[in-house]
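Step one of this worksheet: look at the structure below.
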Amino acid sequence: MATPPNSQETRNAASPAASPPRPGVARYVSGSAAQALLVPVLAVFVGLLLGGVVIAATDAGVAAVFRAFSADPGGVFRAIWQAVVKGYGALFYGSIGSPREMLDGYRIYLETGDNKALLKAIYPFTESLTTATPYIFAGLAVALGFRCGLFNIGAEGQFFIGALGAAFVGYSISGLPAFLHLPLALLGGALAGAVWGAVPGYLKARFGAHEVVNTIMMNWIAFRLSDWLLTGPMQAAGFRPVTPNIKMTAALPRFFEDPLRFNWGFILALVMAYVVYWLLFKTTIGFEIRAVGANPDGAKYAGINVVRNFVLVMTLSGALAGLAGTAQVLGVDHWVGQGFSAGYGFDSIALALLGKSHPLGVVLAALLFGFLRSGATRMQSLAGIPIDIISIIQGLVIIFVAAPALIRWLFRIPVPTAEETVLTRGWGK
Amino acid sequence: MPPVLELRNITKAFPGVLANDHINLDLNEGEIHCLLGENGAGKTTLMNILYGLYKPDEGEIYVRGKKAEIHDPNDAIALGIGMVHQHFMLVPVMTVTENVMLGVEEKRYGLFLDRAKVAARIRELSQLYGLEVDPNRYIKDLPVGIQQRVEIIKVLYRQADILILDEPTAVLTPQEVEGLFKVLRSLVAKGKSIIFITHKLKEVMALADRITVLRNGRTVGTVTPSEVTPEKLAAMMVGREVNLVVSKQEAHPTEPALEVKDLYVADERGNLAVRGVSFDVRLGEILGIAGVQGNGQTELVYALTGLLPIQAGKVRILGQPIRSTSPRAILERGVAHVPEDRQRHGLILSFPIHDNFVLCTYFWPLFARGLRLQEKAIYENAQKLVEQFDVRTPSIFVPASSLSGGNQQKVIVAREFSRPIRLLIASQPTRGLDVGSIEYIHNRILEKRDQGTAILLVSSELDEIMALSDRIAVMYRGQIVDIVPAAQATKESIGLLMAGIHPDEAMKAAPTRPGEVERVF
Amino acid sequence: MAAETLSLPATEAAQRKRLLIGALLIALGLGMILLFLPDSEAEQTAKFGMNLVGSAAIKIPDLVVPVQASLYILSLVVVFVGAFHMARGVRSSGALFGIVALAFVGAFLVWATKGKSFSLIGMLSSSLVRATPIALAALCGVISERAAVVNIGIEGIMLISAQAAVVAATVTKSLGLGMLIGILMGGLIAAIHAFLVIRFKVDQIVSGVAINIFAAGITSFISSKYLQEQGDLLNNSGTFPIIQIPLLSRIPILGPIFFENNIVVYLMMLIVIVMHIVLYYTPWGLRTRAVGEHPKAADTLGVNVFFVRYVNVIVGGMIAGLGGVYFTLGSVGRFDEIMTAGKGFIGLAAMISGNWNPIGAFLASLIFGFADSLQVKMQILATPIPWQFLAMAPYLITMVVLTGVIGRAIPPAADGQPYEKQ
């Protein structure tokens with residue numbers, strides 16, 4: 001071998017001795033772990049900041065003082081500050097609760113053995129975890145798709161159909177013991193979601209039809225279908241368009257007594273996150289999925305069946321989204337009504353992006369969103385801020401997470417060495 | 001009189017590479033000035049700076065004695081500079097007229113395109129310089145040779161008098177190269193000045209008035225053809241004495257490893273690209289497939305490796321017919337494939353190097369137990385191959401995208417050559433690489449042949465085909481025009497075949513001595 | 001490579017596919033007889049209204065057809081087409097499916113109308129109206145994607161524009177001003193999209209999705225915070241009046257369909273024509289197409305790729321903004337949450353099946369508008385099919401269109417890819 005003529009080679013000519021593999025997660029994120037976290041954290045920060053602007057701009061108190069801006073400019077800023085603090089304060093209190101009440105409750109419990117005060121104090125916190133549960137499933141669904149280069153916008157419909165499937169198994173079968181009925185109901189929900197995801201997956205694999213439009217279309221079809229089911233075949237007795245309650249043998253057990261709804265669904269979600277992690281990074285199946293996602297032509301060259309992976313991943317993704325709906329039905333609501341899925345489909349995209357399509361990241365992002373959503377209900381009643389503020393913040397967060405260049409530009413962060421991954425490629429062939 | 005164009009101290013750095021390091025170059029009126037250097041020497045970067053596509057970090061440009069600021073192609077065009085790019089800058093779904101007028105549209109009523117007027121002007125230019133082309137044809141329907149004429153017309157239409165041609169002969173047959181040279185000489189005779197970028201010594205010797213050699217981003221020197229020999233130029237270009245000759249042993253072919261009969265293949269758009277091709281490759285020989293790029297070689301290789309379906313015909317590998325077109329089924333017969341587009345097919349750029357080494361074999365019992373990947377075995381395999389094939393990388397955990405082109409190709413070669421293989425299909429294995437890497441890969445290919453592997457070598461570099469092959473098949477418009485023993489082939493006879501013309505028996509030159517074929521970079 | 005697109009003697013697979021499709025069509029034709037005929041009576045007729053109430057058009061007699069004879073004829077048409085395809089093969093799959101779809105829909109209408117009367121012109125005229133937002137979304141897609149920027153946020157743009165327009169119109173008491181605000185709002189959101197994907201190279205689909213989420217959030221936020229309580233002050237604009245074009249509106253059939261509409265519908269048709277001329281006959285169109293196919297080539301000729309993309313995406317956003325205006329000022333005069341109901345996405349499907357050209361996109365939108373209008377009218381006719389299933393029709397058609405069995409479309413070569421100017 002001759003002397004390397006290329007200066008880049010000279011630069012790299014340092015002995016190819018291996019640095020040991022970085023453990024676990026860090027190996028799969030670009031740059032260092034801190035760098036990987038930086039953009040999402042800043043994105044959430046900017047999202048909340050701009051959300052604060054919306055809160056202030058629409059606050060009646062601020063508007064009132066604003067008319068007298070020239071007289072008392074300081075008052076305006078005070079009013080803005082108050083509005084934002086009131087809003088986000090309610091959000092915090094609604095999502096986590098009051099630390100003081102928790103301590104008090106714990107003391108009472110220790111002293112008297114009465115756990116009522118403690119349960120009341122941890123109610124907001126457990127409620128946030130309960131809210132986060134379907135987010136974890138749905139976020140995993142979209143993240144899995146991203147890893148294979150697929151954009152599943154249809155988690156909404158898969159969620160809904162999954163919920164209906166689980167509810168059907170839950171109420172129509174009676175007399176089974178819980179250890180059979182519950183898994184059966186979970187399976188029913190996962191299967192229903194899987195079918196809903198598999199259709200766009202198949203259409204993509206067979207015809208190259210873009211999954212983004214098709215999953216959206218499947219959402220609308222799911223809504224029409226559920227509308228029919230809930231006013232017809234699956235309607236409970238009475239006039240309300242809801243399903244009958246599931247049998248308690250199919251319910252996910254709860255950890256505490258009512259009204260705390262925190263249940264085994266959360267644990268199941270964490271287990272599923274680990275399973276997805278293992279599948280993606282430790283198995284040949286995951287190797288194939290990631291290869292297809294990173295470079296479908298390269299994967300085909302390597303003998304990987306690209307279209308089979310499309311169908312497989314969309315099916316699994318649909319199953320995960322279906323499980324999100326299932327966990328909500330079997331763990332929390334115990335029945336399904338119209339408009340049951342409150343924007344999980346779009347939220348899950350934000351989750352996957354925020355979590356960089358890594359199961360651990362998704363879990364963290366889902367917890368964040370669970371807390372936001374759960375707190376927002378409180379914020380609506382306490383501060384009169386519509387719950388839709390969360391969607392606004394989410395939309396902003398997605399933009400900032402997807403535009404690391406924008407965040408870097410805003411905060412003057414230098415460009416990292418590794419390239420970001422490309423998620424989508426136009427309309428396919 | 002000052003030179004038409006003068007570049008002084010041009011410097012341009014990319015992350016990690018100093019592409020141009022204080023380069024000086026001047027061009028006189030009516031001159032053909034060749035810019036010679038191997039791949040990665042900085043020729044294209046320099047010309048892109050001149051054309052306003054890159055911004056130099058340092059240095060000045062003087063046009064006709066005046067200092068020029070060139071920020072974008074518009075400035076360059078306004079100064080009379082025109083460029084014919086290595087990869088054609090033509091919109092395939094538009095007509096010749098539309099491509100030529102793009103950016104400087106003639107208008108009717110101040111609003112609508114005046115296609116007729118532009119077409120008339122194109123016909124004038126065609127006649128003036130002998131560049132025949134039909135203005136109303138779509139680019140996608142034209143052969144590459146004609147496309148190049150359109151590129152030259154585009155430049156002339158903008159009234160450029162300084163022409164830059166970047167590796168223009170890569171897509172031409174030897175006879176077409178002669179035709180191009182004739183056009184270029186007529187252009188300088190009419191007062192144009194030309195910078196001609198190439199890495200081919202013979203072209204430089206035949207065409208240049210002066211030659212400037214670049215190496216590693218620096219000017220090595222400027223000479224005239226009469227002062228130098230090809231050997232001296234090669235040394236200037238590479239920085240050491242280079243062996244212009246590939247030495248190889250006589251081939252000892254045995255049984256056929258690949259038999260192809262009446263093969264038809266359609267390209268990705270559904271057009272028939274391979275039309276009734278038949279040949280075979282035997283163990284222990286190299287069959288080279290020559291031809292101007294875009295004559296069906298790509299689709300032929302894709303079909304043989306399972307990337308495109310076979311429309312009709314029969315293919316047998318090691319005696320067994322292949323019906324299923326799955327790349328894995330073919331791979332498992334002992335076929336290795338060095339793909340022509342290494343970034344599209346050969347590597348998953350975002351994957352670490354160790355995963356790229358097992359891209360085709362990750363499921364082997366060695367690397368996966370059941371579903372579980374065996375990371376330790378994968379790392380050990382990578383470590384071994386990095387050492388064995390001299391891949392220059394900081395570690396096996398960096399993504400493949402961080403390697404230089406030559407080292408990326410070595411990763412592919414290492415992966416494909418380290419399996420037990422009987423048939424190697426190598427497509428453009430050295431395209432875009434530096435001389436050191438080319439030598440290395442050539443030697444490895446010959447080594448494989450001598451070990452008894454059958455090799456199908458596809459290359460649009462005629463010199464590479466002539467240097468390595470034992471037999472040469474020439475493809476033209478999806479068909480094989482002829483298959484000739486390498487010993488009987490001359491550049492001229494192969495060149496005619498590449499244009500689809502059967503040379504008369506009389507034109508076949510006397511056999512050269514086997515074992516010594518000139519390699520020209 | 002040469003131009004020749006020689007084809008092999010039909011391969012076995014193609015042969016089998018042709019026979020299969022032919023057989024399926026014959027089965028469909030026979031199925032139609034079994035499906036539609038049994039519950040009709042021999043002397044029954046179906047009456048199709050050919051006039052529109054209040055229309056300026058010259059009255060013509062209504063169309064009355066015998067049910068059974070019509071069903072037989074239409075079913076046999078399908079059988080014949082299937083047999084012909086089996087025997088000889090129909091070259092244009094578009095024509096094949098077009099004839100079959102027409103016959104099937106015709107038979108369906110005759111069956112649903114038997115013994116009753118049904119305003120055919122009413123349905124066709126409402127098809128055009130319902131096609132309007134879809135076509136505007138599709139046109140937005142065409143102009144952006146011809147410059148290689150995918151805009152999947154059209155749905156969100158329409159939603160924001162719809163709300164902005166109705167609020168502006170209600171507050172200023174001027175529909176014209178409301179429309180202007182709606183259009184400008186569309187341009188603004190598209191400008192943000194363009195800025196994100198061109199300047200910051202955000203993934204184009206992700207940016208579009210973010211716009212959709214943001215739009216759903218902000219419009220619902222404003223709606224529940226202000227519009228619901230102060231609906232009369234903020235969310236009650238009235239709608240554009242119907243304008244009858246003199247003379248043209250008097251033509252029977254065509255008049256009521258095309259020349260008695262509100263301004264949004266006319267503007268939509270105007271944009272179709274103007275966009276076609278701009279794309280294929282002007283320098284701007286040439287540059288746009290070049291930028292969408294081979295941006296680098298355009299760049300080396302001094303065309304400012306980024307500028308072309310910005311302008312096209314923003315103009316597209318304004319067109320989508322007009323689409324948003326349709327939902328409020330052009331239709332019901334007030335804003336409801338998520339009222340666009342996926343029309344933006346259906347518009348993208350229309351763009352694809354219209355092969356990224358304005359006239360094709362318009363024609364495809366008409367088909368979607370027809371399906372939409374049909375399902376509404378069928379609810380009125382009270383057919384035994386649950387309305388929810390009829391309401392799925394536009395979504396199902398979109399999915400079928402995307403499979404490309406009705407003819408494959410080729411997107412601009414650089415569609416969806418950011419341009420790196422080194």
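Identifiers in this document derive from the order of the structure tokens: chains are assigned A, B, ..., residues are numbered from 1 separately in each chain, and ligands are numbered from 1 in order of occurrence.
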Close residues, A:Leu180 itself excluded, 10 Å, only C-alpha atoms, min 5 positions apart in chain, as a list of chain:residue names: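 So, after excluding close chain neighbours, the residues are A:Ala185, A:Thr249, A:Ala250.
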Just to be explicit: take each residue in the selection above, keep N, CA and C atoms, and write the result as a compact mmCIF listing (two decimals), in the first residue's frame.
# COMPACT_ATOMS: atom_id res chain seq x y z
N ALA A 185 -58.24 -9.85 26.20
CA ALA A 185 -58.69 -8.49 25.88
C ALA A 185 -57.53 -7.65 25.36
N THR A 249 -63.21 -8.88 34.97
CA THR A 249 -62.16 -9.88 34.73
C THR A 249 -61.21 -9.43 33.63
N ALA A 250 -61.65 -8.47 32.79
CA ALA A 250 -60.79 -8.02 31.71
C ALA A 250 -60.06 -6.73 32.06
Give me, as JSON, numbers by chain, the residues of stretch 214-358 of chain A that a backbone DSSP run labels strand (DSSP E or B). {"A": [242, 254, 263, 283, 337]}
Go ahead and save the residues from that selection, with all heavy atoms, as a compact mmCIF listing (two decimals), in the first residue's frame.
# COMPACT_ATOMS: atom_id res chain seq x y z
N VAL A 242 -72.35 4.67 23.47
CA VAL A 242 -71.17 4.12 24.16
C VAL A 242 -71.30 2.60 24.19
O VAL A 242 -72.38 2.05 24.02
CB VAL A 242 -71.06 4.62 25.62
CG1 VAL A 242 -70.82 6.11 25.66
CG2 VAL A 242 -72.28 4.24 26.40
N ARG A 254 -56.00 -2.07 39.48
CA ARG A 254 -55.51 -0.77 39.94
C ARG A 254 -54.70 -0.95 41.22
O ARG A 254 -54.91 -1.89 41.97
CB ARG A 254 -56.68 0.16 40.19
CG ARG A 254 -57.36 0.54 38.88
CD ARG A 254 -58.53 1.46 39.08
NE ARG A 254 -59.05 1.83 37.76
CZ ARG A 254 -60.11 2.60 37.58
NH1 ARG A 254 -60.78 3.05 38.63
NH2 ARG A 254 -60.51 2.89 36.37
N ASN A 263 -52.84 2.21 37.33
CA ASN A 263 -53.04 0.77 37.17
C ASN A 263 -51.86 0.08 36.51
O ASN A 263 -50.88 0.73 36.14
CB ASN A 263 -54.32 0.51 36.37
CG ASN A 263 -54.20 1.09 34.97
OD1 ASN A 263 -53.46 0.59 34.15
ND2 ASN A 263 -54.90 2.21 34.74
N THR A 283 -31.57 -7.44 18.18
CA THR A 283 -31.97 -8.60 17.40
C THR A 283 -31.77 -8.37 15.91
O THR A 283 -31.59 -7.25 15.45
CB THR A 283 -33.47 -8.94 17.60
OG1 THR A 283 -34.22 -7.89 17.00
CG2 THR A 283 -33.83 -9.05 19.06
N GLY A 337 -66.48 5.57 24.23
CA GLY A 337 -67.51 6.45 23.71
C GLY A 337 -67.02 7.19 22.48
O GLY A 337 -65.87 7.01 22.06
B:Tyr62 surroundings by only C-alpha atoms, 9 Å radius, close-in-sequence under 3 positions cut, as a list in words: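 Near B:Tyr62, the qualifying residues are Pro3, Val4, Leu5, Glu6, Leu7, Arg8, Gly65, Lys66, Lys67, Ala68 and Glu69 of chain B.
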Same residues, all heavy atoms, saved as a PDB file, in the first residue's frame:
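Result saved to result.pdb:
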ATOM      1  N   PRO B   3      -3.457  37.678 -19.435  1.00  0.00           N
ATOM      2  CA  PRO B   3      -4.214  36.435 -19.660  1.00  0.00           C
ATOM      3  C   PRO B   3      -5.711  36.705 -19.543  1.00  0.00           C
ATOM      4  O   PRO B   3      -6.132  37.650 -18.880  1.00  0.00           O
ATOM      5  CB  PRO B   3      -3.749  35.514 -18.539  1.00  0.00           C
ATOM      6  CG  PRO B   3      -2.747  36.249 -17.739  1.00  0.00           C
ATOM      7  CD  PRO B   3      -2.636  37.632 -18.237  1.00  0.00           C
ATOM      8  N   VAL B   4      -6.507  35.880 -20.234  1.00  0.00           N
ATOM      9  CA  VAL B   4      -7.959  36.018 -20.161  1.00  0.00           C
ATOM     10  C   VAL B   4      -8.432  35.792 -18.732  1.00  0.00           C
ATOM     11  O   VAL B   4      -9.361  36.417 -18.258  1.00  0.00           O
ATOM     12  CB  VAL B   4      -8.629  34.983 -21.089  1.00  0.00           C
ATOM     13  CG1 VAL B   4     -10.126  35.157 -21.081  1.00  0.00           C
ATOM     14  CG2 VAL B   4      -8.084  35.102 -22.469  1.00  0.00           C
ATOM     15  N   LEU B   5      -7.738  34.872 -18.086  1.00  0.00           N
ATOM     16  CA  LEU B   5      -8.186  34.481 -16.752  1.00  0.00           C
ATOM     17  C   LEU B   5      -6.977  34.188 -15.889  1.00  0.00           C
ATOM     18  O   LEU B   5      -6.010  33.580 -16.357  1.00  0.00           O
ATOM     19  CB  LEU B   5      -9.052  33.220 -16.867  1.00  0.00           C
ATOM     20  CG  LEU B   5      -9.558  32.621 -15.563  1.00  0.00           C
ATOM     21  CD1 LEU B   5     -10.683  33.466 -14.997  1.00  0.00           C
ATOM     22  CD2 LEU B   5     -10.059  31.199 -15.800  1.00  0.00           C
ATOM     23  N   GLU B   6      -7.033  34.653 -14.664  1.00  0.00           N
ATOM     24  CA  GLU B   6      -5.921  34.404 -13.767  1.00  0.00           C
ATOM     25  C   GLU B   6      -6.447  34.098 -12.373  1.00  0.00           C
ATOM     26  O   GLU B   6      -7.266  34.859 -11.835  1.00  0.00           O
ATOM     27  CB  GLU B   6      -5.029  35.649 -13.727  1.00  0.00           C
ATOM     28  CG  GLU B   6      -3.594  35.319 -13.446  1.00  0.00           C
ATOM     29  CD  GLU B   6      -2.740  36.582 -13.390  1.00  0.00           C
ATOM     30  OE1 GLU B   6      -3.160  37.625 -13.926  1.00  0.00           O
ATOM     31  OE2 GLU B   6      -1.668  36.512 -12.772  1.00  0.00           O
ATOM     32  N   LEU B   7      -6.008  32.994 -11.802  1.00  0.00           N
ATOM     33  CA  LEU B   7      -6.378  32.650 -10.432  1.00  0.00           C
ATOM     34  C   LEU B   7      -5.138  32.799  -9.577  1.00  0.00           C
ATOM     35  O   LEU B   7      -4.073  32.292  -9.925  1.00  0.00           O
ATOM     36  CB  LEU B   7      -6.876  31.205 -10.350  1.00  0.00           C
ATOM     37  CG  LEU B   7      -8.086  30.843 -11.212  1.00  0.00           C
ATOM     38  CD1 LEU B   7      -8.368  29.349 -11.122  1.00  0.00           C
ATOM     39  CD2 LEU B   7      -9.304  31.627 -10.773  1.00  0.00           C
ATOM     40  N   ARG B   8      -5.268  33.541  -8.478  1.00  0.00           N
ATOM     41  CA  ARG B   8      -4.098  33.756  -7.628  1.00  0.00           C
ATOM     42  C   ARG B   8      -4.372  33.295  -6.196  1.00  0.00           C
ATOM     43  O   ARG B   8      -5.318  33.766  -5.561  1.00  0.00           O
ATOM     44  CB  ARG B   8      -3.744  35.248  -7.587  1.00  0.00           C
ATOM     45  CG  ARG B   8      -3.089  35.724  -8.862  1.00  0.00           C
ATOM     46  CD  ARG B   8      -2.558  37.133  -8.678  1.00  0.00           C
ATOM     47  NE  ARG B   8      -2.428  37.792  -9.966  1.00  0.00           N
ATOM     48  CZ  ARG B   8      -2.437  39.102 -10.129  1.00  0.00           C
ATOM     49  NH1 ARG B   8      -2.584  39.896  -9.091  1.00  0.00           N
ATOM     50  NH2 ARG B   8      -2.305  39.629 -11.329  1.00  0.00           N
ATOM     51  N   GLY B  65      -7.652  40.778 -16.953  1.00  0.00           N
ATOM     52  CA  GLY B  65      -6.842  41.770 -16.268  1.00  0.00           C
ATOM     53  C   GLY B  65      -7.545  42.502 -15.142  1.00  0.00           C
ATOM     54  O   GLY B  65      -6.923  43.217 -14.367  1.00  0.00           O
ATOM     55  N   LYS B  66      -8.875  42.314 -15.048  1.00  0.00           N
ATOM     56  CA  LYS B  66      -9.595  43.026 -13.996  1.00  0.00           C
ATOM     57  C   LYS B  66      -9.984  42.072 -12.882  1.00  0.00           C
ATOM     58  O   LYS B  66     -10.396  40.947 -13.134  1.00  0.00           O
ATOM     59  CB  LYS B  66     -10.858  43.666 -14.578  1.00  0.00           C
ATOM     60  CG  LYS B  66     -10.614  45.071 -15.088  1.00  0.00           C
ATOM     61  CD  LYS B  66     -11.946  45.750 -15.349  1.00  0.00           C
ATOM     62  CE  LYS B  66     -11.962  46.307 -16.774  1.00  0.00           C
ATOM     63  NZ  LYS B  66     -13.203  46.172 -17.483  1.00  0.00           N
ATOM     64  N   LYS B  67      -9.872  42.561 -11.648  1.00  0.00           N
ATOM     65  CA  LYS B  67     -10.230  41.725 -10.521  1.00  0.00           C
ATOM     66  C   LYS B  67     -11.738  41.452 -10.547  1.00  0.00           C
ATOM     67  O   LYS B  67     -12.532  42.365 -10.765  1.00  0.00           O
ATOM     68  CB  LYS B  67      -9.852  42.432  -9.209  1.00  0.00           C
ATOM     69  CG  LYS B  67     -10.060  41.570  -7.999  1.00  0.00           C
ATOM     70  CD  LYS B  67      -9.283  42.117  -6.794  1.00  0.00           C
ATOM     71  CE  LYS B  67      -9.318  41.126  -5.668  1.00  0.00           C
ATOM     72  NZ  LYS B  67     -10.281  41.281  -4.667  1.00  0.00           N
ATOM     73  N   ALA B  68     -12.105  40.206 -10.369  1.00  0.00           N
ATOM     74  CA  ALA B  68     -13.525  39.846 -10.473  1.00  0.00           C
ATOM     75  C   ALA B  68     -14.038  39.291  -9.155  1.00  0.00           C
ATOM     76  O   ALA B  68     -13.334  38.579  -8.451  1.00  0.00           O
ATOM     77  CB  ALA B  68     -13.714  38.811 -11.577  1.00  0.00           C
ATOM     78  N   GLU B  69     -15.251  39.675  -8.823  1.00  0.00           N
ATOM     79  CA  GLU B  69     -15.930  39.089  -7.655  1.00  0.00           C
ATOM     80  C   GLU B  69     -16.984  38.131  -8.191  1.00  0.00           C
ATOM     81  O   GLU B  69     -17.931  38.535  -8.853  1.00  0.00           O
ATOM     82  CB  GLU B  69     -16.615  40.188  -6.835  1.00  0.00           C
ATOM     83  CG  GLU B  69     -15.654  41.160  -6.162  1.00  0.00           C
ATOM     84  CD  GLU B  69     -14.905  40.530  -5.001  1.00  0.00           C
ATOM     85  OE1 GLU B  69     -15.444  39.575  -4.404  1.00  0.00           O
ATOM     86  OE2 GLU B  69     -13.772  40.974  -4.707  1.00  0.00           O
TER      87      GLU B  69
END
Could you build a table of the residues in chain B lying no more than 8 Å from chain C, giving for each the nearest pair of atoms and their separation in Å rounded to one decimal place, using only C-alpha atoms, ordered by chain and ascending residue number, as a tab-separated table?
residue	atom	partner	partner_atom	distance
B:Leu53	CA	C:Gln422	CA	7.4
B:Tyr54	CA	C:Gln422	CA	6.7
B:Asp72	CA	C:Gly302	CA	7.0
B:Pro73	CA	C:Gly302	CA	5.1
B:Asn74	CA	C:Gly302	CA	4.7
B:Phe88	CA	C:Ala297	CA	8.0
B:Met89	CA	C:Ala297	CA	4.3
B:Leu90	CA	C:Ala297	CA	5.9
B:Val91	CA	C:His294	CA	5.8
B:Val93	CA	C:Glu293	CA	8.0
B:Glu98	CA	C:Leu286	CA	7.5
B:Leu102	CA	C:Arg287	CA	6.6
B:Gly103	CA	C:Val303	CA	5.6
B:Glu105	CA	C:Pro283	CA	6.1
B:Lys107	CA	C:Pro283	CA	7.8
B:Leu111	CA	C:Thr282	CA	6.2
B:Phe112	CA	C:Thr282	CA	4.5
B:Leu113	CA	C:Thr282	CA	5.1
B:Lys140	CA	C:Ala3	CA	7.4
B:Asp141	CA	C:Ala3	CA	4.4
B:Leu142	CA	C:Ala2	CA	6.0
B:Pro143	CA	C:Met1	CA	5.4
B:Val144	CA	C:Met1	CA	7.4
B:Asn271	CA	C:Thr5	CA	5.1
B:Leu272	CA	C:Leu6	CA	6.1
B:Ala273	CA	C:Met1	CA	7.8
B:Gly294	CA	C:Met1	CA	5.6
B:Asn295	CA	C:Met1	CA	6.0
B:Gly296	CA	C:Met1	CA	7.9
B:Gln311	CA	C:Thr11	CA	7.6
B:Arg477	CA	C:Met1	CA	6.8
Just list the residues in stretch 113-247 of chain A DSSP gives alpha helix (DSSP H) on the backbone, as a ChimeraX atom specification. /A:116-147,155-172,178-207,211-231
Which chain C residues are at most 9 Å from chain A (counting only C-alpha atoms), as an MDAnalysis selection string? chainID C and resid 148:150 196:197 199:207 209:222 224:225 341:342 345:346 348:349 386:389 391:396 398:399 401:405 409:411 414:417
Which distance in Å separates atom CA of B:His22 and atom CA of B:Ala208, to one decimal?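 Interatomic distance, atom CA of B:His22 to atom CA of B:Ala208: 23.1 Å.
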Quick one: distance from atom CA of B:Ala76 to atom CA of B:Thr222 in Å, one decimal? 24.5 Å
Contacts of A:Val65 within 8 Å, only C-alpha atoms, excl. fewer than 6 positions in-chain, as a ChimeraX atom specification: /A:75-76,79
Export, as a compact mmCIF listing (two decimals), in the first residue's frame, the selected residues with N, CA, C and O atoms.
# COMPACT_ATOMS: atom_id res chain seq x y z
N GLY A 75 -46.86 47.80 34.94
CA GLY A 75 -48.05 47.03 35.27
C GLY A 75 -48.33 45.94 34.25
O GLY A 75 -48.77 44.85 34.59
N VAL A 76 -48.03 46.26 32.99
CA VAL A 76 -48.26 45.27 31.95
C VAL A 76 -47.39 44.04 32.17
O VAL A 76 -47.85 42.91 32.13
N ALA A 79 -48.61 42.10 35.00
CA ALA A 79 -49.82 41.36 34.64
C ALA A 79 -49.45 40.13 33.80
O ALA A 79 -49.98 39.03 33.99
At most 7 Å is the cut-off: for each residue in chain B with any atom that close to an atom of chain A, write down the nearest atom pair and the distance in Å rounded to one decimal, counting only C-alpha atoms, chain first then increasing number, as CSV.
residue,atom,partner,partner_atom,distance
B:Gly16,CA,A:Gln8,CA,6.3
B:Val17,CA,A:Gln8,CA,5.9
B:Asn216,CA,A:Asn6,CA,6.6
B:Leu307,CA,A:Tyr301,CA,6.7
B:Ser326,CA,A:Gly303,CA,6.8
B:Pro327,CA,A:Gly303,CA,4.8
B:Arg328,CA,A:Gly303,CA,4.1
B:Arg344,CA,A:Gly298,CA,5.9
B:His345,CA,A:Gly298,CA,4.0
B:Gly346,CA,A:Gly298,CA,5.9
B:Leu347,CA,A:Gly298,CA,6.0
B:Ile348,CA,A:Asn295,CA,5.9
B:Ser350,CA,A:Ala294,CA,6.8
B:Leu359,CA,A:Ala302,CA,5.8
B:Cys360,CA,A:Ala302,CA,4.6
B:Tyr362,CA,A:Thr284,CA,6.9
B:Phe363,CA,A:Thr284,CA,6.3
B:Leu371,CA,A:Thr283,CA,5.0
B:Arg372,CA,A:Thr283,CA,4.5
B:Leu373,CA,A:Thr283,CA,5.1
B:Arg392,CA,A:Ala13,CA,5.4
B:Thr393,CA,A:Pro16,CA,5.5
B:Pro394,CA,A:Pro16,CA,5.2
B:Ser395,CA,A:Ala18,CA,4.8
B:Ile396,CA,A:Ala18,CA,6.3
B:Phe397,CA,A:Pro21,CA,7.0
B:Ser404,CA,A:Glu9,CA,6.8
B:Gly436,CA,A:Ala2,CA,5.7
B:Tyr440,CA,A:Met1,CA,6.6
Quick one: everything within 10 Å of B:Gly276, counting only C-alpha atoms, minus sequence neighbours fewer than 6 positions away in the same chain. Send it as a VMD selection string. chain B and resid 260 to 265 312 to 313 478 to 480
Neighbour list for A:Ala83 as a PyMOL selection string, cut-off 10 Å, only C-alpha atoms, skip fewer than 4 positions in-chain: chain A and resi 52-53+55-62+77-79+87-89+383
Can you work out the spacing between atom CA of A:Val195 and atom CA of A:Pro183 in Å, to one decimal?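 The value is 18.1 Å.
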Can you list, as a short mmCIF file (atom, residue, chain, number, x, y, z; two decimals) with C-alpha atoms, in the first residue's frame, every protein, DNA or RNA residue that comes within 10 Å of A:Phe255 when you count only C-alpha atoms, leaving out same-chain residues fewer than 6 positions away?
data_model
loop_
_atom_site.label_atom_id
_atom_site.label_comp_id
_atom_site.auth_asym_id
_atom_site.auth_seq_id
_atom_site.Cartn_x
_atom_site.Cartn_y
_atom_site.Cartn_z
CA THR A 126 -50.63 9.17 39.84
CA ARG A 261 -57.00 5.15 38.59
CA PHE A 262 -53.28 4.34 38.46
CA ASN A 263 -53.04 0.77 37.17
CA TRP A 264 -50.93 -2.04 35.79
#
